[in-house]
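Q: Below is the file query.pdb, with PDB, C-alpha atoms.
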ATOM      1  CA  MET A   1     108.410 118.618  93.730
ATOM      2  CA  SER A   2     109.378 114.994  93.107
ATOM      3  CA  ARG A   3     111.657 112.714  95.104
ATOM      4  CA  HIS A   4     113.356 109.350  94.688
ATOM      5  CA  PHE A   5     112.629 106.575  97.211
ATOM      6  CA  LEU A   6     115.819 104.535  97.080
ATOM      7  CA  ASP A   7     116.466 103.777 100.741
ATOM      8  CA  LEU A   8     114.758 104.743 103.990
ATOM      9  CA  ALA A   9     117.611 106.973 105.119
ATOM     10  CA  ASP A  10     117.163 109.128 102.012
ATOM     11  CA  ALA A  11     113.677 110.038 103.193
ATOM     12  CA  GLY A  12     114.518 110.328 106.905
ATOM     13  CA  GLY A  13     112.576 109.410 110.026
ATOM     14  CA  ASP A  14     110.054 112.277 109.922
ATOM     15  CA  ALA A  15     109.068 111.560 106.312
ATOM     16  CA  ILE A  16     108.769 107.823 107.004
ATOM     17  CA  ALA A  17     106.496 108.539 109.975
ATOM     18  CA  ALA A  18     104.373 110.839 107.810
ATOM     19  CA  MET A  19     104.051 108.139 105.147
ATOM     20  CA  LEU A  20     103.036 105.531 107.722
ATOM     21  CA  ASN A  21     100.422 107.844 109.239
ATOM     22  CA  ASP A  22      99.034 108.585 105.783
ATOM     23  CA  ALA A  23      98.904 104.858 104.986
ATOM     24  CA  ILE A  24      96.867 104.205 108.129
ATOM     25  CA  ASP A  25      94.416 106.990 107.284
ATOM     26  CA  ARG A  26      94.032 105.935 103.650
ATOM     27  CA  LYS A  27      93.578 102.273 104.559
ATOM     28  CA  ASP A  28      90.870 103.172 107.098
ATOM     29  CA  ALA A  29      89.134 105.463 104.617
ATOM     30  CA  ARG A  30      88.823 102.622 102.074
ATOM     31  CA  ALA A  31      86.952 100.295 104.410
ATOM     32  CA  GLY A  32      84.072  98.727 102.508
ATOM     33  CA  LEU A  33      85.169  99.937  99.066
ATOM     34  CA  PRO A  34      85.785  97.429  96.249
ATOM     35  CA  LYS A  35      89.517  96.806  95.822
ATOM     36  CA  GLY A  36      89.490  98.321  92.353
ATOM     37  CA  ALA A  37      87.658 101.495  93.369
ATOM     38  CA  VAL A  38      89.580 104.752  93.086
ATOM     39  CA  ASP A  39      90.144 106.772  96.275
ATOM     40  CA  PRO A  40      87.662 109.678  96.362
ATOM     41  CA  ASP A  41      90.426 112.301  95.997
ATOM     42  CA  ALA A  42      92.196 110.398  93.152
ATOM     43  CA  PRO A  43      95.454 112.213  93.929
ATOM     44  CA  LEU A  44      97.460 110.631  91.073
ATOM     45  CA  ALA A  45      94.837 110.946  88.348
ATOM     46  CA  GLY A  46      96.535 111.162  84.969
ATOM     47  CA  ARG A  47      99.862 109.866  86.308
ATOM     48  CA  THR A  48     101.624 106.750  84.984
ATOM     49  CA  LEU A  49     104.134 104.520  86.786
ATOM     50  CA  ALA A  50     106.549 102.391  84.726
ATOM     51  CA  MET A  51     107.456  99.160  86.541
ATOM     52  CA  ILE A  52     110.672  97.375  85.478
ATOM     53  CA  PHE A  53     111.121  93.799  86.657
ATOM     54  CA  GLU A  54     114.519  92.166  86.315
ATOM     55  CA  LYS A  55     113.454  89.695  89.015
ATOM     56  CA  ASN A  56     110.192  87.791  89.370
ATOM     57  CA  SER A  57     107.519  89.259  91.578
ATOM     58  CA  THR A  58     104.021  88.638  92.892
ATOM     59  CA  ARG A  59     103.485  91.059  95.790
ATOM     60  CA  THR A  60     105.542  93.972  94.444
ATOM     61  CA  ARG A  61     103.941  93.796  91.008
ATOM     62  CA  VAL A  62     100.316  93.495  92.127
ATOM     63  CA  SER A  63     100.581  95.906  95.059
ATOM     64  CA  PHE A  64     102.162  98.707  93.002
ATOM     65  CA  ASP A  65      99.674  98.141  90.188
ATOM     66  CA  MET A  66      96.699  98.295  92.550
ATOM     67  CA  ALA A  67      98.232 101.222  94.431
ATOM     68  CA  MET A  68      98.359 103.310  91.259
ATOM     69  CA  ARG A  69      94.815 102.289  90.299
ATOM     70  CA  GLN A  70      93.441 103.240  93.721
ATOM     71  CA  LEU A  71      95.256 106.591  93.538
ATOM     72  CA  GLY A  72      93.674 107.242  90.136
ATOM     73  CA  GLY A  73      96.769 106.540  88.002
ATOM     74  CA  THR A  74      97.901 103.779  85.659
ATOM     75  CA  THR A  75     100.940 101.505  85.219
ATOM     76  CA  ILE A  76     103.097 100.090  82.446
ATOM     77  CA  VAL A  77     104.771  96.774  83.286
ATOM     78  CA  MET A  78     108.057  95.854  81.595
ATOM     79  CA  ASP A  79     110.230  92.783  81.971
ATOM     80  CA  ALA A  80     113.892  93.531  81.304
ATOM     81  CA  GLY A  81     114.077  90.628  78.865
ATOM     82  CA  SER A  82     111.443  92.173  76.605
ATOM     83  CA  MET A  83     112.799  95.740  76.558
ATOM     84  CA  GLN A  84     115.964  97.318  75.161
ATOM     85  CA  LEU A  85     117.539  97.367  78.640
ATOM     86  CA  GLY A  86     117.806  93.590  78.330
ATOM     87  CA  ARG A  87     119.514  93.947  74.924
ATOM     88  CA  GLY A  88     122.284  96.262  76.081
ATOM     89  CA  GLU A  89     120.749  99.743  76.239
ATOM     90  CA  THR A  90     122.375 101.520  79.150
ATOM     91  CA  VAL A  91     120.513 102.176  82.372
ATOM     92  CA  ALA A  92     121.173 105.895  81.913
ATOM     93  CA  ASP A  93     119.646 105.975  78.421
ATOM     94  CA  THR A  94     116.662 103.919  79.595
ATOM     95  CA  ALA A  95     116.117 106.403  82.425
ATOM     96  CA  ARG A  96     116.237 109.365  80.028
ATOM     97  CA  VAL A  97     113.777 107.784  77.597
ATOM     98  CA  LEU A  98     111.286 106.590  80.188
ATOM     99  CA  SER A  99     111.311 110.028  81.843
ATOM    100  CA  ARG A 100     109.879 111.438  78.585
ATOM    101  CA  PHE A 101     106.932 108.995  78.685
ATOM    102  CA  VAL A 102     105.954 108.315  82.305
ATOM    103  CA  ASP A 103     105.657 110.179  85.597
ATOM    104  CA  ALA A 104     107.605 107.742  87.828
ATOM    105  CA  ILE A 105     109.702 104.569  87.590
ATOM    106  CA  MET A 106     109.784 101.577  89.918
ATOM    107  CA  ILE A 107     112.622  99.100  89.332
ATOM    108  CA  ARG A 108     113.153  95.656  90.869
ATOM    109  CA  THR A 109     116.683  94.476  90.157
ATOM    110  CA  ASP A 110     119.481  92.402  91.644
ATOM    111  CA  ASP A 111     122.027  95.216  91.293
ATOM    112  CA  HIS A 112     121.733  98.244  93.588
ATOM    113  CA  ALA A 113     124.104 100.177  91.304
ATOM    114  CA  LYS A 114     121.482 100.031  88.530
ATOM    115  CA  LEU A 115     118.942 101.666  90.844
ATOM    116  CA  ILE A 116     121.379 104.452  91.709
ATOM    117  CA  GLU A 117     122.260 104.999  88.041
ATOM    118  CA  MET A 118     118.567 105.065  87.112
ATOM    119  CA  ALA A 119     117.912 107.749  89.733
ATOM    120  CA  GLU A 120     120.917 109.810  88.635
ATOM    121  CA  HIS A 121     119.647 110.070  85.065
ATOM    122  CA  ALA A 122     115.850 110.050  85.479
ATOM    123  CA  THR A 123     113.954 113.322  85.675
ATOM    124  CA  VAL A 124     110.991 111.616  87.372
ATOM    125  CA  PRO A 125     110.857 109.843  90.767
ATOM    126  CA  VAL A 126     112.567 106.436  90.961
ATOM    127  CA  ILE A 127     111.431 103.861  93.537
ATOM    128  CA  ASN A 128     113.421 100.889  94.842
ATOM    129  CA  GLY A 129     111.173  97.842  94.371
ATOM    130  CA  LEU A 130     114.006  95.571  95.625
ATOM    131  CA  THR A 131     117.724  95.289  95.017
ATOM    132  CA  ASP A 132     120.402  92.942  96.295
ATOM    133  CA  HIS A 133     121.201  95.602  98.906
ATOM    134  CA  SER A 134     117.844  96.704 100.294
ATOM    135  CA  HIS A 135     114.064  96.386 100.210
ATOM    136  CA  PRO A 136     112.651  99.597 101.716
ATOM    137  CA  CYS A 137     109.089  99.186 100.390
ATOM    138  CA  GLN A 138     108.818  95.828 102.179
ATOM    139  CA  ILE A 139     109.890  97.362 105.468
ATOM    140  CA  MET A 140     107.365 100.185 105.130
ATOM    141  CA  ALA A 141     104.687  97.467 105.044
ATOM    142  CA  ASP A 142     106.315  95.642 107.965
ATOM    143  CA  MET A 143     106.311  98.774 110.118
ATOM    144  CA  LEU A 144     102.704  99.518 109.206
ATOM    145  CA  THR A 145     101.752  95.989 110.282
ATOM    146  CA  VAL A 146     103.534  96.319 113.623
ATOM    147  CA  ILE A 147     101.879  99.684 114.281
ATOM    148  CA  GLU A 148      98.485  98.071 113.631
ATOM    149  CA  ARG A 149      99.267  95.296 116.132
ATOM    150  CA  ARG A 150     101.272  97.186 118.772
ATOM    151  CA  LYS A 151     100.473 100.887 118.130
ATOM    152  CA  ALA A 152     104.055 102.154 118.337
ATOM    153  CA  LEU A 153     107.474 101.354 116.888
ATOM    154  CA  ALA A 154     109.803 103.268 119.201
ATOM    155  CA  GLY A 155     111.130 101.120 121.998
ATOM    156  CA  THR A 156     110.110  97.789 120.489
ATOM    157  CA  ARG A 157     112.629  94.977 120.081
ATOM    158  CA  TRP A 158     112.854  93.194 116.728
ATOM    159  CA  ALA A 159     114.623  89.859 116.282
ATOM    160  CA  TRP A 160     115.858  88.752 112.872
ATOM    161  CA  LEU A 161     116.635  85.080 112.264
ATOM    162  CA  GLY A 162     118.595  83.747 109.315
ATOM    163  CA  ASP A 163     120.425  85.251 106.351
ATOM    164  CA  GLY A 164     121.790  88.800 106.602
ATOM    165  CA  ASN A 165     120.126  89.910 103.391
ATOM    166  CA  ASN A 166     118.535  92.962 101.761
ATOM    167  CA  VAL A 167     115.379  92.778 103.888
ATOM    168  CA  LEU A 168     117.436  92.814 107.081
ATOM    169  CA  HIS A 169     119.461  95.779 105.795
ATOM    170  CA  SER A 170     116.284  97.853 105.503
ATOM    171  CA  ILE A 171     115.063  96.714 108.939
ATOM    172  CA  ILE A 172     118.358  97.823 110.502
ATOM    173  CA  GLU A 173     118.101 101.154 108.701
ATOM    174  CA  ALA A 174     114.492 101.605 109.847
ATOM    175  CA  GLY A 175     115.342 100.761 113.448
ATOM    176  CA  SER A 176     118.085 103.359 113.582
ATOM    177  CA  LEU A 177     115.767 106.002 112.099
ATOM    178  CA  LEU A 178     112.629 105.302 114.110
ATOM    179  CA  GLY A 179     114.010 104.175 117.448
ATOM    180  CA  PHE A 180     113.456 100.433 117.691
ATOM    181  CA  ASP A 181     116.073  97.821 118.570
ATOM    182  CA  VAL A 182     117.166  95.066 116.186
ATOM    183  CA  ARG A 183     118.943  91.875 117.222
ATOM    184  CA  VAL A 184     120.309  89.566 114.542
ATOM    185  CA  GLY A 185     120.541  85.814 114.991
ATOM    186  CA  CYS A 186     122.596  84.371 112.137
ATOM    187  CA  PRO A 187     125.417  81.891 111.540
ATOM    188  CA  ALA A 188     128.992  83.005 110.908
ATOM    189  CA  GLY A 189     129.527  84.020 107.328
ATOM    190  CA  TYR A 190     125.978  85.246 106.774
ATOM    191  CA  GLU A 191     126.058  88.555 108.653
ATOM    192  CA  PRO A 192     124.489  91.756 107.288
ATOM    193  CA  SER A 193     126.650  94.296 105.472
ATOM    194  CA  VAL A 194     129.317  95.980 107.578
ATOM    195  CA  GLU A 195     128.443  99.272 105.862
ATOM    196  CA  VAL A 196     124.811  98.952 106.976
ATOM    197  CA  LEU A 197     125.865  98.187 110.563
ATOM    198  CA  GLU A 198     128.303 101.111 110.606
ATOM    199  CA  ALA A 199     125.676 103.500 109.218
ATOM    200  CA  ALA A 200     123.271 102.457 111.987
ATOM    201  CA  LEU A 201     126.020 102.925 114.566
ATOM    202  CA  LYS A 202     126.653 106.460 113.308
ATOM    203  CA  ARG A 203     122.975 107.168 113.939
ATOM    204  CA  GLY A 204     123.428 105.915 117.506
ATOM    205  CA  THR A 205     122.121 102.352 117.104
ATOM    206  CA  ASN A 206     124.216  99.283 117.821
ATOM    207  CA  VAL A 207     122.916  96.072 116.248
ATOM    208  CA  PRO A 208     124.189  92.962 118.073
ATOM    209  CA  ILE A 209     124.976  89.871 115.998
ATOM    210  CA  LEU A 210     124.217  86.734 118.012
ATOM    211  CA  ARG A 211     124.955  83.102 117.224
ATOM    212  CA  ASP A 212     122.403  81.836 119.748
ATOM    213  CA  PRO A 213     118.920  82.069 118.174
ATOM    214  CA  VAL A 214     117.201  81.947 121.575
ATOM    215  CA  ALA A 215     119.250  84.899 122.811
ATOM    216  CA  ALA A 216     118.330  86.817 119.664
ATOM    217  CA  VAL A 217     114.606  86.215 120.158
ATOM    218  CA  GLN A 218     114.517  86.667 123.961
ATOM    219  CA  ASP A 219     111.714  89.112 124.932
ATOM    220  CA  ALA A 220     111.276  90.276 121.328
ATOM    221  CA  ASP A 221     108.176  92.219 120.315
ATOM    222  CA  VAL A 222     108.650  91.303 116.656
ATOM    223  CA  VAL A 223     110.221  88.163 115.158
ATOM    224  CA  VAL A 224     111.189  88.303 111.470
ATOM    225  CA  THR A 225     112.685  85.853 109.047
ATOM    226  CA  ASP A 226     113.018  85.392 105.290
ATOM    227  CA  THR A 227     113.780  82.595 102.893
ATOM    228  CA  TRP A 228     117.308  81.292 103.332
ATOM    229  CA  ILE A 229     117.914  80.914  99.595
ATOM    230  CA  SER A 230     117.252  84.168  97.781
ATOM    231  CA  MET A 231     116.034  84.465  94.204
ATOM    232  CA  GLY A 232     118.772  83.475  91.777
ATOM    233  CA  GLN A 233     120.878  81.650  94.373
ATOM    234  CA  ASP A 234     121.549  77.948  94.169
ATOM    235  CA  HIS A 235     119.759  75.757  96.680
ATOM    236  CA  ALA A 236     123.042  75.210  98.511
ATOM    237  CA  GLU A 237     123.010  72.388 101.023
ATOM    238  CA  GLU A 238     125.860  74.010 102.968
ATOM    239  CA  LYS A 239     123.850  77.173 103.507
ATOM    240  CA  LEU A 240     120.713  75.279 104.466
ATOM    241  CA  ALA A 241     122.684  73.341 107.086
ATOM    242  CA  ALA A 242     124.158  76.519 108.558
ATOM    243  CA  MET A 243     120.716  78.140 108.764
ATOM    244  CA  ALA A 244     118.889  75.150 110.268
ATOM    245  CA  PRO A 245     119.374  76.189 113.946
ATOM    246  CA  TYR A 246     117.723  79.544 113.141
ATOM    247  CA  GLN A 247     114.413  78.083 111.982
ATOM    248  CA  VAL A 248     111.495  79.942 113.571
ATOM    249  CA  ASN A 249     109.409  77.217 115.204
ATOM    250  CA  ALA A 250     107.094  77.131 118.203
ATOM    251  CA  ALA A 251     109.945  76.465 120.627
ATOM    252  CA  LEU A 252     111.877  79.496 119.413
ATOM    253  CA  MET A 253     108.799  81.744 119.376
ATOM    254  CA  ALA A 254     108.256  80.814 123.024
ATOM    255  CA  ALA A 255     111.355  82.845 123.908
ATOM    256  CA  ALA A 256     109.754  85.999 122.514
ATOM    257  CA  LYS A 257     107.035  87.973 124.285
ATOM    258  CA  PRO A 258     103.708  86.099 124.343
ATOM    259  CA  ASP A 259     102.100  88.649 122.025
ATOM    260  CA  ALA A 260     105.122  88.977 119.712
ATOM    261  CA  VAL A 261     104.290  89.636 116.074
ATOM    262  CA  PHE A 262     105.733  87.195 113.533
ATOM    263  CA  LEU A 263     106.593  88.620 110.089
ATOM    264  CA  HIS A 264     107.795  87.052 106.831
ATOM    265  CA  CYS A 265     107.884  88.983 103.551
ATOM    266  CA  LEU A 266     106.945  85.846 101.559
ATOM    267  CA  PRO A 267     107.181  83.667  99.604
ATOM    268  CA  ALA A 268     107.901  81.242 102.446
ATOM    269  CA  HIS A 269     109.714  77.940 102.165
ATOM    270  CA  ARG A 270     107.516  76.167 104.668
ATOM    271  CA  GLY A 271     109.465  73.829 106.894
ATOM    272  CA  GLU A 272     112.776  75.605 106.236
ATOM    273  CA  GLU A 273     113.041  79.122 107.714
ATOM    274  CA  ALA A 274     109.686  78.805 109.513
ATOM    275  CA  THR A 275     107.277  76.014 110.369
ATOM    276  CA  ASP A 276     103.595  75.844 109.468
ATOM    277  CA  GLU A 277     102.586  76.242 113.111
ATOM    278  CA  VAL A 278     104.339  79.638 113.204
ATOM    279  CA  LEU A 279     103.367  80.833 109.720
ATOM    280  CA  ASP A 280      99.715  79.957 110.372
ATOM    281  CA  GLY A 281      99.788  80.500 114.145
ATOM    282  CA  PRO A 282      98.162  83.190 116.316
ATOM    283  CA  ASN A 283     101.258  85.413 116.352
ATOM    284  CA  SER A 284     101.582  85.462 112.579
ATOM    285  CA  ALA A 285     100.715  88.708 110.778
ATOM    286  CA  ILE A 286     102.020  87.645 107.379
ATOM    287  CA  TRP A 287      98.770  88.141 105.448
ATOM    288  CA  ASP A 288      98.231  91.633 106.892
ATOM    289  CA  GLU A 289     101.894  92.280 106.097
ATOM    290  CA  ALA A 290     101.363  91.240 102.465
ATOM    291  CA  GLU A 291      98.242  93.421 102.136
ATOM    292  CA  ASN A 292     100.039  96.362 103.680
ATOM    293  CA  ARG A 293     102.485  96.442 100.770
ATOM    294  CA  LEU A 294      99.608  98.090  98.906
ATOM    295  CA  HIS A 295      98.728 100.661 101.563
ATOM    296  CA  ALA A 296     102.312 101.594 102.429
ATOM    297  CA  GLN A 297     103.321 101.981  98.775
ATOM    298  CA  LYS A 298     100.407 104.302  98.066
ATOM    299  CA  SER A 299     101.893 106.685 100.620
ATOM    300  CA  VAL A 300     105.398 106.187  99.208
ATOM    301  CA  LEU A 301     104.059 107.156  95.778
ATOM    302  CA  LEU A 302     102.337 110.246  97.172
ATOM    303  CA  TRP A 303     105.542 111.281  98.941
ATOM    304  CA  CYS A 304     107.543 110.812  95.724
ATOM    305  CA  PHE A 305     105.099 113.040  93.860
ATOM    306  CA  GLY A 306     105.399 115.744  96.510
ATOM    307  CA  LYS A 307     101.819 115.292  97.687
ATOM    308  CA  LEU A 308     102.782 114.263 101.211
ATOM    309  CA  GLY A 309     105.062 116.075 103.610
TER     310      GLY A 309
END
As structure tokens, please, write out the structure in this file.

A:
Amino acid sequence: MSRHFLDLADAGGDAIAAMLNDAIDRKDARAGLPKGAVDPDAPLAGRTLAMIFEKNSTRTRVSFDMAMRQLGGTTIVMDAGSMQLGRGETVADTARVLSRFVDAIMIRTDDHAKLIEMAEHATVPVINGLTDHSHPCQIMADMLTVIERRKALAGTRWAWLGDGNNVLHSIIEAGSLLGFDVRVGCPAGYEPSVEVLEAALKRGTNVPILRDPVAAVQDADVVVTDTWISMGQDHAEEKLAAMAPYQVNAALMAAAKPDAVFLHCLPAHRGEEATDEVLDGPNSAIWDEAENRLHAQKSVLLWCFGKLG
């Protein structure tokens, strides 16, 4: 049995919890092993993952590559500009061809519709490595990091500061599936998708949108932000000015709980969305968060291949 991992809601809360538990166990079991060593059970031996990058990547590329190696498999890396997809071959035809060669496909693209079309025509699992709509693999790593620091997700309060982007969409989706609250502090005109908010509301979760950053962060267990200017966007002065009050600095972190976890998916624009004293401070878990991309994605891969849950 194989499954696509396009958004968290497709998997559901029980499957996400199973993947997170598996990630914790597998991470613990690798303690002391060289990073390139294969897990003793090598559950994906003989399997190959094709990775398509229409957008630049450091963490997604390296973490998926190392995840497949540790699970006993291999990867093929393709940039859209150097394959026929970049010269006009349809997404559907690319999906059909790749399905004859590899065992799974991960795509990182700016267009969520391409991901959906790839999944519709592929006969192997398709994984969302990031789209303009969502970033579920990143949030799997975020939740794993919070569990490591606070032991439980349900009942925690997460505060998001800044642009209502793809990362926030997946956080909202995760909160409504796993029972944690999300408050959004953002300026007018930069709210998350109405469709994402309505989907969360249908699952019984209301996500307040606040203009006061202090109110958004008040008593938060987790504080999250992301770069204000996403990949491919112009460095717009108007947007930077609107976002400035939502910078995560020491004064703003003081409104959260004293042991609040600070997350940022990286790369960070230091001095814009967050200051050095927060990024490098005692509440920051950003390096664990980056490492956990690897551990969380190993469990996502196993779930896609029907080897988990």

Q: Determine the residue membership of the PyMOL selection byres ((chain A and resi 205-216) around 6) for the file above and supply it as a count of residues only.

A: 15

Q: Just so the selection is clear, what residues does the PyMOL selection byres ((chain A and resi 142) around 12) cover here, as a PDB file with C-alpha atoms, in the frame of the given file?

A:
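Final output, result32.pdb:
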ATOM      1  CA  LEU A  20     103.036 105.531 107.722  1.00  0.00           C
ATOM      2  CA  HIS A 135     114.064  96.386 100.210  1.00  0.00           C
ATOM      3  CA  PRO A 136     112.651  99.597 101.716  1.00  0.00           C
ATOM      4  CA  CYS A 137     109.089  99.186 100.390  1.00  0.00           C
ATOM      5  CA  GLN A 138     108.818  95.828 102.179  1.00  0.00           C
ATOM      6  CA  ILE A 139     109.890  97.362 105.468  1.00  0.00           C
ATOM      7  CA  MET A 140     107.365 100.185 105.130  1.00  0.00           C
ATOM      8  CA  ALA A 141     104.687  97.467 105.044  1.00  0.00           C
ATOM      9  CA  MET A 143     106.311  98.774 110.118  1.00  0.00           C
ATOM     10  CA  LEU A 144     102.704  99.518 109.206  1.00  0.00           C
ATOM     11  CA  THR A 145     101.752  95.989 110.282  1.00  0.00           C
ATOM     12  CA  VAL A 146     103.534  96.319 113.623  1.00  0.00           C
ATOM     13  CA  ILE A 147     101.879  99.684 114.281  1.00  0.00           C
ATOM     14  CA  GLU A 148      98.485  98.071 113.631  1.00  0.00           C
ATOM     15  CA  ARG A 149      99.267  95.296 116.132  1.00  0.00           C
ATOM     16  CA  LEU A 153     107.474 101.354 116.888  1.00  0.00           C
ATOM     17  CA  TRP A 158     112.854  93.194 116.728  1.00  0.00           C
ATOM     18  CA  VAL A 167     115.379  92.778 103.888  1.00  0.00           C
ATOM     19  CA  LEU A 168     117.436  92.814 107.081  1.00  0.00           C
ATOM     20  CA  SER A 170     116.284  97.853 105.503  1.00  0.00           C
ATOM     21  CA  ILE A 171     115.063  96.714 108.939  1.00  0.00           C
ATOM     22  CA  ALA A 174     114.492 101.605 109.847  1.00  0.00           C
ATOM     23  CA  GLY A 175     115.342 100.761 113.448  1.00  0.00           C
ATOM     24  CA  VAL A 222     108.650  91.303 116.656  1.00  0.00           C
ATOM     25  CA  VAL A 223     110.221  88.163 115.158  1.00  0.00           C
ATOM     26  CA  VAL A 224     111.189  88.303 111.470  1.00  0.00           C
ATOM     27  CA  THR A 225     112.685  85.853 109.047  1.00  0.00           C
ATOM     28  CA  VAL A 261     104.290  89.636 116.074  1.00  0.00           C
ATOM     29  CA  PHE A 262     105.733  87.195 113.533  1.00  0.00           C
ATOM     30  CA  LEU A 263     106.593  88.620 110.089  1.00  0.00           C
ATOM     31  CA  HIS A 264     107.795  87.052 106.831  1.00  0.00           C
ATOM     32  CA  CYS A 265     107.884  88.983 103.551  1.00  0.00           C
ATOM     33  CA  LEU A 266     106.945  85.846 101.559  1.00  0.00           C
ATOM     34  CA  ALA A 285     100.715  88.708 110.778  1.00  0.00           C
ATOM     35  CA  ILE A 286     102.020  87.645 107.379  1.00  0.00           C
ATOM     36  CA  TRP A 287      98.770  88.141 105.448  1.00  0.00           C
ATOM     37  CA  ASP A 288      98.231  91.633 106.892  1.00  0.00           C
ATOM     38  CA  GLU A 289     101.894  92.280 106.097  1.00  0.00           C
ATOM     39  CA  ALA A 290     101.363  91.240 102.465  1.00  0.00           C
ATOM     40  CA  GLU A 291      98.242  93.421 102.136  1.00  0.00           C
ATOM     41  CA  ASN A 292     100.039  96.362 103.680  1.00  0.00           C
ATOM     42  CA  ARG A 293     102.485  96.442 100.770  1.00  0.00           C
ATOM     43  CA  LEU A 294      99.608  98.090  98.906  1.00  0.00           C
ATOM     44  CA  HIS A 295      98.728 100.661 101.563  1.00  0.00           C
ATOM     45  CA  ALA A 296     102.312 101.594 102.429  1.00  0.00           C
ATOM     46  CA  GLN A 297     103.321 101.981  98.775  1.00  0.00           C
TER      47      GLN A 297
END

Q: Which residues come within 10 Å of stretch 101-103 of chain A, counting all atoms listed in the file, excluding same-chain residues fewer than 2 positions away, as a list in words?

A: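 Answer for this query is Ser2, Leu44, Gly46, Arg47, Thr48, Leu49, Ala50, Gly73, Thr74, Thr75, Ile76, Arg96, Val97, Leu98, Ser99, Ile105, Thr123, Val124, Pro125, Val126 and Phe305 of chain A.
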
Q: Which of these, A:Leu161, A:Ala241, A:Ile172, A:Leu6, has the shortest distance to A:Ile116 once you count all atoms listed in the file?

A: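 Looking at the shortest contact to A:Ile116, the residue is A:Leu6.
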
Q: Can you tell me how far atom CA of A:Leu240 sits from atom CA of A:Trp228, in Å to one decimal?

A: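 That distance, rounded to one decimal, is 7.0 Å.
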
Q: Check what the PyMOL selection byres ((chain A and resi 192) around 7) selects in the file above and give those residues as a short mmCIF file (atom, residue, chain, number, x, y, z; two decimals) with C-alpha atoms, in the coordinates of the input.

A:
data_model
loop_
_atom_site.label_atom_id
_atom_site.label_comp_id
_atom_site.auth_asym_id
_atom_site.auth_seq_id
_atom_site.Cartn_x
_atom_site.Cartn_y
_atom_site.Cartn_z
CA GLY A 164 121.79 88.80 106.60
CA ASN A 165 120.13 89.91 103.39
CA HIS A 169 119.46 95.78 105.80
CA TYR A 190 125.98 85.25 106.77
CA GLU A 191 126.06 88.56 108.65
CA SER A 193 126.65 94.30 105.47
CA VAL A 194 129.32 95.98 107.58
#

Q: Using all atoms of stretch 95-102 of chain A listed in the file and a margin of 6 Å per side, can you give the axis-aligned box centre and edge lengths in Å to one decimal, as JSON?

A:
{"center_x": 111.1, "center_y": 108.9, "center_z": 80.0, "size_x": 22.3, "size_y": 17.0, "size_z": 16.8}

Q: Extract, using all atoms listed in the file, all DNA, RNA and protein residues at most 10 Å from A:Arg30, discarding same-chain residues fewer than 4 positions from it, and format them as a compact mmCIF listing (two decimals) with C-alpha atoms, in the frame of the given file.

A:
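Writing done, so here's result19.txt:
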# COMPACT_ATOMS: atom_id res chain seq x y z
CA ASP A 25 94.42 106.99 107.28
CA ARG A 26 94.03 105.94 103.65
CA PRO A 34 85.78 97.43 96.25
CA LYS A 35 89.52 96.81 95.82
CA ALA A 37 87.66 101.50 93.37
CA VAL A 38 89.58 104.75 93.09
CA ASP A 39 90.14 106.77 96.28
CA PRO A 40 87.66 109.68 96.36
CA GLN A 70 93.44 103.24 93.72

Q: To one decimal place, how far is atom CA of A:His133 from atom CA of A:Val196 in Å?

A: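 Computed distance, atom CA of A:His133 to atom CA of A:Val196, equals 9.5 Å.
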
Q: To one decimal place, how far is atom CA of A:Trp160 from atom CA of A:Asp226 in Å?

A: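 Separation of atom CA of A:Trp160 and atom CA of A:Asp226: 8.8 Å.
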
Q: Compare A:Met118, A:Ala260, A:Ala104, A:Ala45 by their minimum atom-to-atom distance to A:Thr90, counting only C-alpha atoms, and give me the closest one.

A: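 Among A:Met118, A:Ala260, A:Ala104, A:Ala45, it is A:Met118 that comes nearest to A:Thr90.
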